[in-house]
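Engineer: See data.pdb below, with PDB, C-alpha atoms and all ligand atoms.
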ATOM      1  CA  MET A   1      39.620  97.182 -49.174
ATOM      2  CA  SER A   2      41.900  98.028 -46.287
ATOM      3  CA  ASP A   3      39.788  95.844 -43.965
ATOM      4  CA  ILE A   4      40.401  92.834 -46.150
ATOM      5  CA  ALA A   5      44.097  93.618 -46.393
ATOM      6  CA  ASN A   6      44.297  93.620 -42.596
ATOM      7  CA  VAL A   7      42.423  90.424 -41.896
ATOM      8  CA  GLU A   8      44.459  87.665 -40.329
ATOM      9  CA  LEU A   9      44.079  84.926 -42.917
ATOM     10  CA  PRO A  10      43.071  81.447 -41.762
ATOM     11  CA  LYS A  11      45.648  78.729 -41.464
ATOM     12  CA  HIS A  12      43.203  76.402 -43.154
ATOM     13  CA  GLN A  13      44.692  74.859 -46.310
ATOM     14  CA  THR A  14      41.622  74.571 -48.480
ATOM     15  CA  GLY A  15      39.677  77.584 -47.237
ATOM     16  CA  LEU A  16      36.949  78.027 -44.696
ATOM     17  CA  SER A  17      33.435  76.712 -44.806
ATOM     18  CA  VAL A  18      31.124  79.379 -43.385
ATOM     19  CA  GLY A  19      27.360  79.324 -42.787
ATOM     20  CA  ILE A  20      25.303  82.465 -42.307
ATOM     21  CA  ILE A  21      21.841  82.852 -40.807
ATOM     22  CA  MET A  22      20.778  86.138 -42.362
ATOM     23  CA  ASP A  23      18.377  87.385 -39.709
ATOM     24  CA  GLY A  24      16.816  90.747 -38.925
ATOM     25  CA  ASN A  25      15.621  92.074 -42.284
ATOM     26  CA  GLY A  26      12.151  92.779 -40.878
ATOM     27  CA  ARG A  27      13.438  94.562 -37.777
ATOM     28  CA  TRP A  28      15.892  96.567 -39.864
ATOM     29  CA  ALA A  29      12.958  97.821 -41.949
ATOM     30  CA  ALA A  30      10.610  98.371 -38.998
ATOM     31  CA  SER A  31      13.184 100.474 -37.155
ATOM     32  CA  ARG A  32      13.235 102.803 -40.175
ATOM     33  CA  GLY A  33       9.495 102.866 -40.703
ATOM     34  CA  LEU A  34       9.892 100.926 -43.953
ATOM     35  CA  PRO A  35       7.905  97.925 -45.214
ATOM     36  CA  ARG A  36       9.392  94.493 -44.512
ATOM     37  CA  PHE A  37       9.982  93.999 -48.221
ATOM     38  CA  GLU A  38      12.507  96.833 -48.155
ATOM     39  CA  GLY A  39      14.425  94.958 -45.447
ATOM     40  CA  HIS A  40      14.546  91.845 -47.606
ATOM     41  CA  ARG A  41      15.566  93.876 -50.654
ATOM     42  CA  ARG A  42      18.432  95.410 -48.699
ATOM     43  CA  GLY A  43      19.157  91.910 -47.410
ATOM     44  CA  VAL A  44      19.859  90.767 -50.952
ATOM     45  CA  GLU A  45      22.344  93.639 -51.330
ATOM     46  CA  ALA A  46      24.118  92.482 -48.174
ATOM     47  CA  LEU A  47      24.110  88.932 -49.515
ATOM     48  CA  ARG A  48      25.695  90.095 -52.761
ATOM     49  CA  ALA A  49      28.404  91.993 -50.849
ATOM     50  CA  ALA A  50      29.129  88.966 -48.650
ATOM     51  CA  VAL A  51      29.556  86.717 -51.703
ATOM     52  CA  ARG A  52      31.942  89.226 -53.286
ATOM     53  CA  ALA A  53      34.022  89.563 -50.111
ATOM     54  CA  ALA A  54      34.155  85.880 -49.155
ATOM     55  CA  PRO A  55      37.054  84.564 -51.312
ATOM     56  CA  ASP A  56      39.451  87.302 -50.188
ATOM     57  CA  LEU A  57      38.618  86.462 -46.583
ATOM     58  CA  GLY A  58      39.731  82.869 -47.087
ATOM     59  CA  VAL A  59      36.200  81.488 -47.445
ATOM     60  CA  ARG A  60      35.874  78.623 -49.936
ATOM     61  CA  TYR A  61      32.312  77.512 -49.076
ATOM     62  CA  LEU A  62      29.572  79.949 -48.076
ATOM     63  CA  THR A  63      26.196  78.543 -47.068
ATOM     64  CA  LEU A  64      23.378  81.090 -46.782
ATOM     65  CA  TYR A  65      20.092  80.324 -45.039
ATOM     66  CA  SER A  66      17.755  82.062 -47.467
ATOM     67  CA  PHE A  67      14.345  80.498 -46.921
ATOM     68  CA  SER A  68      13.460  77.927 -44.289
ATOM     69  CA  LEU A  69      10.682  75.361 -44.422
ATOM     70  CA  GLU A  70       9.190  77.230 -41.469
ATOM     71  CA  ASN A  71       9.079  80.490 -43.471
ATOM     72  CA  TRP A  72       5.915  79.253 -45.238
ATOM     73  CA  SER A  73       4.018  80.288 -42.109
ATOM     74  CA  ARG A  74       4.608  83.970 -42.977
ATOM     75  CA  PRO A  75       1.920  86.012 -44.726
ATOM     76  CA  LYS A  76       1.447  84.933 -48.328
ATOM     77  CA  ARG A  77       2.545  88.340 -49.609
ATOM     78  CA  GLU A  78       5.906  88.080 -47.820
ATOM     79  CA  VAL A  79       6.488  84.520 -49.045
ATOM     80  CA  LEU A  80       5.839  85.713 -52.617
ATOM     81  CA  ASP A  81       8.226  88.611 -52.088
ATOM     82  CA  LEU A  82      11.010  86.278 -50.934
ATOM     83  CA  MET A  83      10.421  83.961 -53.907
ATOM     84  CA  GLY A  84      10.502  86.979 -56.220
ATOM     85  CA  LEU A  85      13.781  88.198 -54.721
ATOM     86  CA  LEU A  86      15.400  84.806 -55.245
ATOM     87  CA  LYS A  87      14.284  84.778 -58.890
ATOM     88  CA  ARG A  88      15.539  88.289 -59.445
ATOM     89  CA  PHE A  89      18.852  87.484 -57.745
ATOM     90  CA  ILE A  90      19.489  84.485 -60.002
ATOM     91  CA  ARG A  91      18.361  86.312 -63.146
ATOM     92  CA  ASN A  92      20.430  89.437 -62.433
ATOM     93  CA  ASP A  93      23.527  87.929 -60.855
ATOM     94  CA  LEU A  94      24.065  84.539 -62.460
ATOM     95  CA  ALA A  95      26.288  85.782 -65.292
ATOM     96  CA  GLU A  96      28.510  87.749 -62.916
ATOM     97  CA  LEU A  97      28.731  84.896 -60.427
ATOM     98  CA  HIS A  98      29.764  82.562 -63.233
ATOM     99  CA  LYS A  99      32.354  85.040 -64.482
ATOM    100  CA  SER A 100      33.716  85.296 -60.936
ATOM    101  CA  ASN A 101      34.222  81.503 -60.879
ATOM    102  CA  VAL A 102      31.520  80.964 -58.234
ATOM    103  CA  GLN A 103      29.804  77.602 -58.130
ATOM    104  CA  ILE A 104      26.165  77.646 -57.041
ATOM    105  CA  LYS A 105      24.732  74.736 -55.125
ATOM    106  CA  VAL A 106      21.199  74.592 -53.764
ATOM    107  CA  ILE A 107      20.072  72.588 -50.746
ATOM    108  CA  GLY A 108      16.500  72.234 -49.540
ATOM    109  CA  GLU A 109      13.246  70.621 -50.597
ATOM    110  CA  PRO A 110      12.114  71.047 -54.198
ATOM    111  CA  ASP A 111       8.531  70.246 -53.129
ATOM    112  CA  GLY A 112       6.458  73.406 -52.859
ATOM    113  CA  LEU A 113       8.668  75.532 -55.132
ATOM    114  CA  SER A 114       7.221  76.770 -58.407
ATOM    115  CA  ALA A 115       8.392  75.375 -61.741
ATOM    116  CA  ASP A 116      10.080  78.656 -62.742
ATOM    117  CA  ILE A 117      12.120  78.768 -59.517
ATOM    118  CA  LEU A 118      13.156  75.135 -59.909
ATOM    119  CA  ALA A 119      14.204  75.813 -63.503
ATOM    120  CA  LEU A 120      16.278  78.847 -62.489
ATOM    121  CA  LEU A 121      17.980  76.956 -59.662
ATOM    122  CA  ALA A 122      18.776  74.073 -62.009
ATOM    123  CA  GLU A 123      20.159  76.483 -64.621
ATOM    124  CA  ALA A 124      22.359  78.202 -62.021
ATOM    125  CA  GLN A 125      23.747  74.903 -60.778
ATOM    126  CA  ASP A 126      24.341  73.505 -64.279
ATOM    127  CA  LEU A 127      26.066  76.616 -65.594
ATOM    128  CA  THR A 128      28.428  76.962 -62.636
ATOM    129  CA  ARG A 129      29.097  73.320 -61.809
ATOM    130  CA  ASN A 130      32.830  73.412 -62.703
ATOM    131  CA  ASN A 131      33.604  76.713 -60.960
ATOM    132  CA  SER A 132      36.031  76.594 -58.095
ATOM    133  CA  ARG A 133      36.838  79.949 -56.468
ATOM    134  CA  LEU A 134      33.869  79.895 -54.108
ATOM    135  CA  THR A 135      30.974  77.492 -53.638
ATOM    136  CA  LEU A 136      27.851  79.431 -52.763
ATOM    137  CA  VAL A 137      25.406  77.065 -51.113
ATOM    138  CA  ILE A 138      21.906  78.531 -51.149
ATOM    139  CA  ALA A 139      19.741  76.879 -48.507
ATOM    140  CA  PHE A 140      16.297  77.521 -49.924
ATOM    141  CA  ASN A 141      13.145  75.815 -48.666
ATOM    142  CA  TYR A 142      15.590  74.124 -46.305
ATOM    143  CA  GLY A 143      15.174  72.464 -42.928
ATOM    144  CA  SER A 144      17.960  70.511 -41.284
ATOM    145  CA  ARG A 145      15.767  68.002 -39.455
ATOM    146  CA  GLN A 146      13.921  67.230 -42.696
ATOM    147  CA  GLU A 147      17.280  66.839 -44.464
ATOM    148  CA  ILE A 148      18.353  64.328 -41.795
ATOM    149  CA  VAL A 149      15.045  62.458 -42.147
ATOM    150  CA  GLY A 150      15.669  62.174 -45.902
ATOM    151  CA  ALA A 151      19.178  60.827 -45.294
ATOM    152  CA  VAL A 152      17.938  58.280 -42.759
ATOM    153  CA  GLN A 153      15.215  57.125 -45.166
ATOM    154  CA  ALA A 154      17.748  56.676 -47.977
ATOM    155  CA  ILE A 155      20.059  54.654 -45.725
ATOM    156  CA  ALA A 156      17.163  52.560 -44.403
ATOM    157  CA  ARG A 157      16.116  51.735 -47.976
ATOM    158  CA  ARG A 158      19.650  50.535 -48.750
ATOM    159  CA  ALA A 159      19.663  48.425 -45.593
ATOM    160  CA  LEU A 160      16.288  46.917 -46.475
ATOM    161  CA  ALA A 161      17.539  46.106 -49.955
ATOM    162  CA  GLY A 162      20.460  44.270 -48.356
ATOM    163  CA  GLU A 163      23.031  46.688 -49.807
ATOM    164  CA  ILE A 164      24.420  47.659 -46.410
ATOM    165  CA  ASP A 165      24.626  46.118 -42.982
ATOM    166  CA  PRO A 166      22.999  48.405 -40.355
ATOM    167  CA  LYS A 167      26.183  47.963 -38.323
ATOM    168  CA  ALA A 168      28.061  49.747 -41.125
ATOM    169  CA  ILE A 169      26.034  52.930 -40.585
ATOM    170  CA  ASP A 170      28.411  55.504 -39.159
ATOM    171  CA  VAL A 171      28.918  59.261 -39.020
ATOM    172  CA  ASP A 172      30.567  59.338 -42.414
ATOM    173  CA  MET A 173      27.752  57.428 -44.100
ATOM    174  CA  ILE A 174      25.163  59.800 -42.677
ATOM    175  CA  SER A 175      27.203  62.856 -43.732
ATOM    176  CA  ARG A 176      27.393  61.478 -47.265
ATOM    177  CA  ALA A 177      23.643  60.904 -47.376
ATOM    178  CA  LEU A 178      22.908  64.567 -46.565
ATOM    179  CA  GLN A 179      22.387  67.187 -49.276
ATOM    180  CA  THR A 180      25.633  68.776 -48.118
ATOM    181  CA  ALA A 181      27.635  65.616 -48.958
ATOM    182  CA  THR A 182      30.139  67.561 -51.069
ATOM    183  CA  VAL A 183      30.305  70.592 -48.755
ATOM    184  CA  PRO A 184      32.741  70.518 -45.820
ATOM    185  CA  ASP A 185      31.090  70.934 -42.425
ATOM    186  CA  PRO A 186      30.962  74.612 -41.459
ATOM    187  CA  ASP A 187      33.975  75.842 -39.538
ATOM    188  CA  PHE A 188      32.049  78.897 -38.534
ATOM    189  CA  ILE A 189      28.398  79.947 -38.321
ATOM    190  CA  ILE A 190      27.435  83.600 -38.186
ATOM    191  CA  ARG A 191      23.967  84.786 -37.165
ATOM    192  CA  THR A 192      22.927  88.403 -37.281
ATOM    193  CA  SER A 193      20.188  90.232 -35.338
ATOM    194  CA  GLY A 194      21.224  89.118 -31.853
ATOM    195  CA  GLU A 195      19.183  85.889 -31.769
ATOM    196  CA  GLN A 196      21.232  82.993 -30.433
ATOM    197  CA  ARG A 197      19.854  79.811 -31.953
ATOM    198  CA  LEU A 198      20.311  77.585 -35.018
ATOM    199  CA  SER A 199      16.656  77.571 -36.171
ATOM    200  CA  ASN A 200      16.932  74.228 -37.994
ATOM    201  CA  PHE A 201      20.098  75.192 -39.929
ATOM    202  CA  LEU A 202      22.879  72.598 -40.496
ATOM    203  CA  LEU A 203      22.217  70.821 -37.180
ATOM    204  CA  TRP A 204      24.283  67.721 -37.991
ATOM    205  CA  GLN A 205      26.987  69.584 -39.871
ATOM    206  CA  ALA A 206      27.537  72.157 -37.097
ATOM    207  CA  ALA A 207      28.840  69.589 -34.569
ATOM    208  CA  TYR A 208      32.216  71.354 -34.267
ATOM    209  CA  ALA A 209      31.410  74.746 -35.735
ATOM    210  CA  GLU A 210      32.374  77.941 -33.971
ATOM    211  CA  PHE A 211      29.524  80.427 -33.577
ATOM    212  CA  ILE A 212      29.305  84.159 -33.613
ATOM    213  CA  PHE A 213      26.096  86.055 -32.892
ATOM    214  CA  LEU A 214      26.222  89.632 -34.078
ATOM    215  CA  PRO A 215      23.992  92.391 -32.699
ATOM    216  CA  ILE A 216      23.481  93.973 -36.131
ATOM    217  CA  HIS A 217      20.627  93.208 -38.532
ATOM    218  CA  TRP A 218      21.419  91.447 -41.794
ATOM    219  CA  PRO A 219      21.115  94.482 -44.121
ATOM    220  CA  ASP A 220      23.876  96.135 -42.066
ATOM    221  CA  PHE A 221      26.243  93.178 -42.480
ATOM    222  CA  ASP A 222      28.894  94.704 -44.719
ATOM    223  CA  GLN A 223      32.449  93.862 -45.703
ATOM    224  CA  ALA A 224      33.842  95.338 -42.480
ATOM    225  CA  ALA A 225      31.482  93.207 -40.356
ATOM    226  CA  PHE A 226      32.392  90.072 -42.326
ATOM    227  CA  THR A 227      36.096  90.843 -41.983
ATOM    228  CA  ALA A 228      35.764  91.379 -38.218
ATOM    229  CA  ALA A 229      33.820  88.129 -37.838
ATOM    230  CA  ILE A 230      36.452  86.120 -39.725
ATOM    231  CA  SER A 231      39.209  87.730 -37.663
ATOM    232  CA  GLU A 232      37.344  86.699 -34.505
ATOM    233  CA  PHE A 233      37.063  83.130 -35.847
ATOM    234  CA  ASN A 234      40.786  83.036 -36.561
ATOM    235  CA  ARG A 235      41.470  83.862 -32.922
ATOM    236  CA  ARG A 236      39.368  80.938 -31.639
ATOM    237  CA  ASP A 237      41.132  77.875 -30.271
ATOM    238  CA  ARG A 238      39.502  74.909 -31.981
ATOM    239  CA  ARG A 239      40.070  71.613 -30.221
ATOM    240  CA  PHE A 240      37.608  69.240 -31.902
ATOM    241  CA  GLY A 241      37.097  67.502 -28.550
ATOM    242  CA  GLY A 242      40.834  67.205 -27.861
ATOM    243  CA  LEU A 243      43.060  69.099 -25.449
ATOM    244  CA  VAL A 244      45.346  71.122 -27.655
ATOM    245  CA  ARG A 245      44.832  73.211 -30.745
ATOM    246  CA  ALA A 246      44.148  70.555 -33.355
ATOM    247  CA  VAL A 247      44.872  70.250 -37.017
ATOM    248  CA  GLU A 248      41.616  70.497 -38.957
ATOM    249  CA  PRO A 249      39.924  67.127 -39.427
ATOM    250  CA  ASP A 250      40.599  65.414 -42.726
ATOM    251  CA  LEU A 251      37.711  66.308 -45.016
ATOM    252  CA  SER A 252      39.293  64.882 -48.131
ATOM    253  CA  ALA A 253      37.296  61.648 -48.035
ATOM    254  CA  LYS A 254      34.098  63.661 -47.909
ATOM    255  CA  THR A 255      34.937  66.256 -50.517
ATOM    256  CA  ALA A 256      36.411  63.779 -52.990
ATOM    257  CA  SER A 257      33.008  62.529 -54.160
TER     258      SER A 257
HETATM  259  C1  LIG A 301      15.410  87.026 -41.923
HETATM  260  O1  LIG A 301      14.843  88.255 -41.723
HETATM  261  C2  LIG A 301      15.684  86.676 -43.289
HETATM  262  C3  LIG A 301      14.953  85.820 -44.082
HETATM  263  C4  LIG A 301      13.663  85.242 -43.738
HETATM  264  C5  LIG A 301      15.473  85.366 -45.347
HETATM  265  C6  LIG A 301      16.714  86.023 -45.858
HETATM  266  C7  LIG A 301      16.416  86.503 -47.180
HETATM  267  C8  LIG A 301      17.120  87.393 -47.900
HETATM  268  C9  LIG A 301      18.406  87.962 -47.501
HETATM  269  C10 LIG A 301      16.568  87.854 -49.191
HETATM  270  C11 LIG A 301      16.094  86.811 -50.186
HETATM  271  C12 LIG A 301      16.993  85.709 -50.482
HETATM  272  C13 LIG A 301      17.656  85.402 -51.619
HETATM  273  C14 LIG A 301      18.177  84.034 -51.782
HETATM  274  C15 LIG A 301      17.945  86.302 -52.722
HETATM  275  P1  LIG A 301      13.482  88.282 -40.943
HETATM  276  O2  LIG A 301      12.397  88.562 -41.932
HETATM  277  O3  LIG A 301      13.300  87.019 -40.179
HETATM  278  O4  LIG A 301      13.692  89.483 -39.975
HETATM  279  P2  LIG A 301      12.983  89.716 -38.568
HETATM  280  O5  LIG A 301      13.325  88.532 -37.700
HETATM  281  O6  LIG A 301      13.578  90.983 -38.108
HETATM  282  O7  LIG A 301      11.497  89.820 -38.849
END
Can I see the file as structure tokens?
Structural biologist:
Amino acid sequence: MSDIANVELPKHQTGLSVGIIMDGNGRWAASRGLPRFEGHRRGVEALRAAVRAAPDLGVRYLTLYSFSLENWSRPKREVLDLMGLLKRFIRNDLAELHKSNVQIKVIGEPDGLSADILALLAEAQDLTRNNSRLTLVIAFNYGSRQEIVGAVQAIARRALAGEIDPKAIDVDMISRALQTATVPDPDFIIRTSGEQRLSNFLLWQAAYAEFIFLPIHWPDFDQAAFTAAISEFNRRDRRFGGLVRAVEPDLSAKTAS
């Protein structure tokens, strides 16, 4: 608790939008001689702790990269394990998340997910749709390039139907056509495990995000690590392409819909 009490709170009016690439579960397990599944299981515990800590750290939107479209290339057993952990997480935690006023939003491709997972994700989103303390965006079966392709296709269809002039296509229109239309662009992206890349996560949305790459593996990401990361973010000088410390860009148009 004392860590949270000491964190320098953001000056942001509406709260931060933070994305996390939860990497290193496998290496965490391997370094302890444990099966990879144990790393993922402990990863869910770290996820749960991050969700609990987020609101007190000034985070209003938390987007977690939980399963990428590229993750299908892993052994079938591991893919099944990750699907099982998602199901268990929703089944076990949904009531508490709802009670804590957390809204759940899912981004990613429904294609390829089993009917029971799709039903659970729909139930979680329906139940929590009016909650407002924290929006937990679960990126599951997600790929940013594929998301952009989907947005471009939707806009092209509207242009072909004569609903919009191609000259009217701008940054805002593309942002609104993405699955993250109601989620402010991330202020801050955290990646654990020491890797320094985006791996197809929020490519468009991260245009002005600050990044932090932590040397710890995801299961070790606890409240103290989250607090330290947010404190580091709050010390960054964000210029949004300008020369002086800028006021945050107006996201109201985007979040109003
Ligand atoms: C990276 O570790 C993490 C993932 C592939 C997914 C993150 C998943 C969880 C935290 C658990 C399941 C998710 C939910 C939504 C409950 P890695 O396997 O790539 O680690 P490595 O790079 O060390 O092998």
Engineer: Residues within 6 Å of ligand LIG 301 (chain A) (all atoms listed in the file), as a PyMOL selection string?
Structural biologist: chain A and resi 22-27+40+43-44+66-67+82+85-86+89
Engineer: Name the residues captured by the PyMOL selection byres (((chain A and resi 105-112) around 6) and not hetatm) when it is applied to the shown file; answer as a list in words.
Structural biologist: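 So the PyMOL selection byres (((chain A and resi 105-112) around 6) and not hetatm) ends up selecting Ile104, Leu113, Gln125, Val137, Ile138, Ala139, Phe140, Asn141 and Tyr142 of chain A.
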Engineer: Between A:Glu78, A:Arg91, A:Val51, A:Asp126, which is the closest to Arg36 (chain A) once you count all atoms listed in the file?
Structural biologist: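 Of A:Glu78, A:Arg91, A:Val51, A:Asp126, the one nearest Arg36 (chain A) is A:Glu78, counting all atoms listed in the file.
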Engineer: Nearest residue to Ala225 (chain A) out of A:Ala29, A:Leu64, A:Ile212, A:Ala206, using all atoms listed in the file?
Structural biologist: A:Ile212
Engineer: Report, in Å to a single decimal, how far apart CA of Arg129 (chain A) and CA of Asn92 (chain A) are.
Structural biologist: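 Interatomic distance, CA of Asn92 (chain A) to CA of Arg129 (chain A): 18.3 Å.
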Engineer: Please supply region 186-207 of chain A, rebuilt with N, CA and C atoms, as a PDB file, in the coordinates of the input.
Structural biologist:
ATOM      1  N   PRO A 186      30.569  73.204 -41.696  1.00  0.00           N
ATOM      2  CA  PRO A 186      30.962  74.612 -41.459  1.00  0.00           C
ATOM      3  C   PRO A 186      31.994  74.723 -40.337  1.00  0.00           C
ATOM      4  N   ASP A 187      33.022  75.508 -40.600  1.00  0.00           N
ATOM      5  CA  ASP A 187      33.975  75.842 -39.538  1.00  0.00           C
ATOM      6  C   ASP A 187      33.344  76.870 -38.619  1.00  0.00           C
ATOM      7  N   PHE A 188      32.462  77.674 -39.201  1.00  0.00           N
ATOM      8  CA  PHE A 188      32.049  78.897 -38.534  1.00  0.00           C
ATOM      9  C   PHE A 188      30.631  79.225 -38.966  1.00  0.00           C
ATOM     10  N   ILE A 189      29.766  79.518 -37.991  1.00  0.00           N
ATOM     11  CA  ILE A 189      28.398  79.947 -38.321  1.00  0.00           C
ATOM     12  C   ILE A 189      28.158  81.330 -37.729  1.00  0.00           C
ATOM     13  N   ILE A 190      27.701  82.216 -38.591  1.00  0.00           N
ATOM     14  CA  ILE A 190      27.435  83.600 -38.186  1.00  0.00           C
ATOM     15  C   ILE A 190      25.922  83.794 -38.190  1.00  0.00           C
ATOM     16  N   ARG A 191      25.384  84.402 -37.132  1.00  0.00           N
ATOM     17  CA  ARG A 191      23.967  84.786 -37.165  1.00  0.00           C
ATOM     18  C   ARG A 191      23.860  86.256 -36.798  1.00  0.00           C
ATOM     19  N   THR A 192      23.136  86.984 -37.588  1.00  0.00           N
ATOM     20  CA  THR A 192      22.927  88.403 -37.281  1.00  0.00           C
ATOM     21  C   THR A 192      21.632  88.569 -36.488  1.00  0.00           C
ATOM     22  N   SER A 193      21.413  89.757 -36.013  1.00  0.00           N
ATOM     23  CA  SER A 193      20.188  90.232 -35.338  1.00  0.00           C
ATOM     24  C   SER A 193      20.122  89.927 -33.846  1.00  0.00           C
ATOM     25  N   GLY A 194      21.172  89.318 -33.301  1.00  0.00           N
ATOM     26  CA  GLY A 194      21.224  89.118 -31.853  1.00  0.00           C
ATOM     27  C   GLY A 194      20.572  87.837 -31.354  1.00  0.00           C
ATOM     28  N   GLU A 195      19.783  87.158 -32.206  1.00  0.00           N
ATOM     29  CA  GLU A 195      19.183  85.889 -31.769  1.00  0.00           C
ATOM     30  C   GLU A 195      20.292  84.841 -31.652  1.00  0.00           C
ATOM     31  N   GLN A 196      20.174  83.976 -30.641  1.00  0.00           N
ATOM     32  CA  GLN A 196      21.232  82.993 -30.433  1.00  0.00           C
ATOM     33  C   GLN A 196      20.670  81.584 -30.530  1.00  0.00           C
ATOM     34  N   ARG A 197      20.326  81.178 -31.737  1.00  0.00           N
ATOM     35  CA  ARG A 197      19.854  79.811 -31.953  1.00  0.00           C
ATOM     36  C   ARG A 197      20.135  79.418 -33.409  1.00  0.00           C
ATOM     37  N   LEU A 198      20.010  78.094 -33.675  1.00  0.00           N
ATOM     38  CA  LEU A 198      20.311  77.585 -35.018  1.00  0.00           C
ATOM     39  C   LEU A 198      19.092  77.561 -35.933  1.00  0.00           C
ATOM     40  N   SER A 199      17.885  77.535 -35.361  1.00  0.00           N
ATOM     41  CA  SER A 199      16.656  77.571 -36.171  1.00  0.00           C
ATOM     42  C   SER A 199      16.656  76.556 -37.319  1.00  0.00           C
ATOM     43  N   ASN A 200      17.027  75.313 -36.993  1.00  0.00           N
ATOM     44  CA  ASN A 200      16.932  74.228 -37.994  1.00  0.00           C
ATOM     45  C   ASN A 200      17.902  74.415 -39.167  1.00  0.00           C
ATOM     46  N   PHE A 201      19.068  74.968 -38.893  1.00  0.00           N
ATOM     47  CA  PHE A 201      20.098  75.192 -39.929  1.00  0.00           C
ATOM     48  C   PHE A 201      21.310  74.303 -39.644  1.00  0.00           C
ATOM     49  N   LEU A 202      21.650  73.410 -40.554  1.00  0.00           N
ATOM     50  CA  LEU A 202      22.879  72.598 -40.496  1.00  0.00           C
ATOM     51  C   LEU A 202      23.125  71.958 -39.123  1.00  0.00           C
ATOM     52  N   LEU A 203      22.091  71.351 -38.540  1.00  0.00           N
ATOM     53  CA  LEU A 203      22.217  70.821 -37.180  1.00  0.00           C
ATOM     54  C   LEU A 203      23.300  69.743 -37.078  1.00  0.00           C
ATOM     55  N   TRP A 204      23.298  68.816 -38.003  1.00  0.00           N
ATOM     56  CA  TRP A 204      24.283  67.721 -37.991  1.00  0.00           C
ATOM     57  C   TRP A 204      25.674  68.267 -38.322  1.00  0.00           C
ATOM     58  N   GLN A 205      25.711  69.104 -39.336  1.00  0.00           N
ATOM     59  CA  GLN A 205      26.987  69.584 -39.871  1.00  0.00           C
ATOM     60  C   GLN A 205      27.704  70.523 -38.898  1.00  0.00           C
ATOM     61  N   ALA A 206      26.951  71.130 -37.973  1.00  0.00           N
ATOM     62  CA  ALA A 206      27.537  72.157 -37.097  1.00  0.00           C
ATOM     63  C   ALA A 206      28.164  71.572 -35.829  1.00  0.00           C
ATOM     64  N   ALA A 207      28.370  70.246 -35.805  1.00  0.00           N
ATOM     65  CA  ALA A 207      28.840  69.589 -34.569  1.00  0.00           C
ATOM     66  C   ALA A 207      30.061  70.278 -33.955  1.00  0.00           C
TER      67      ALA A 207
END
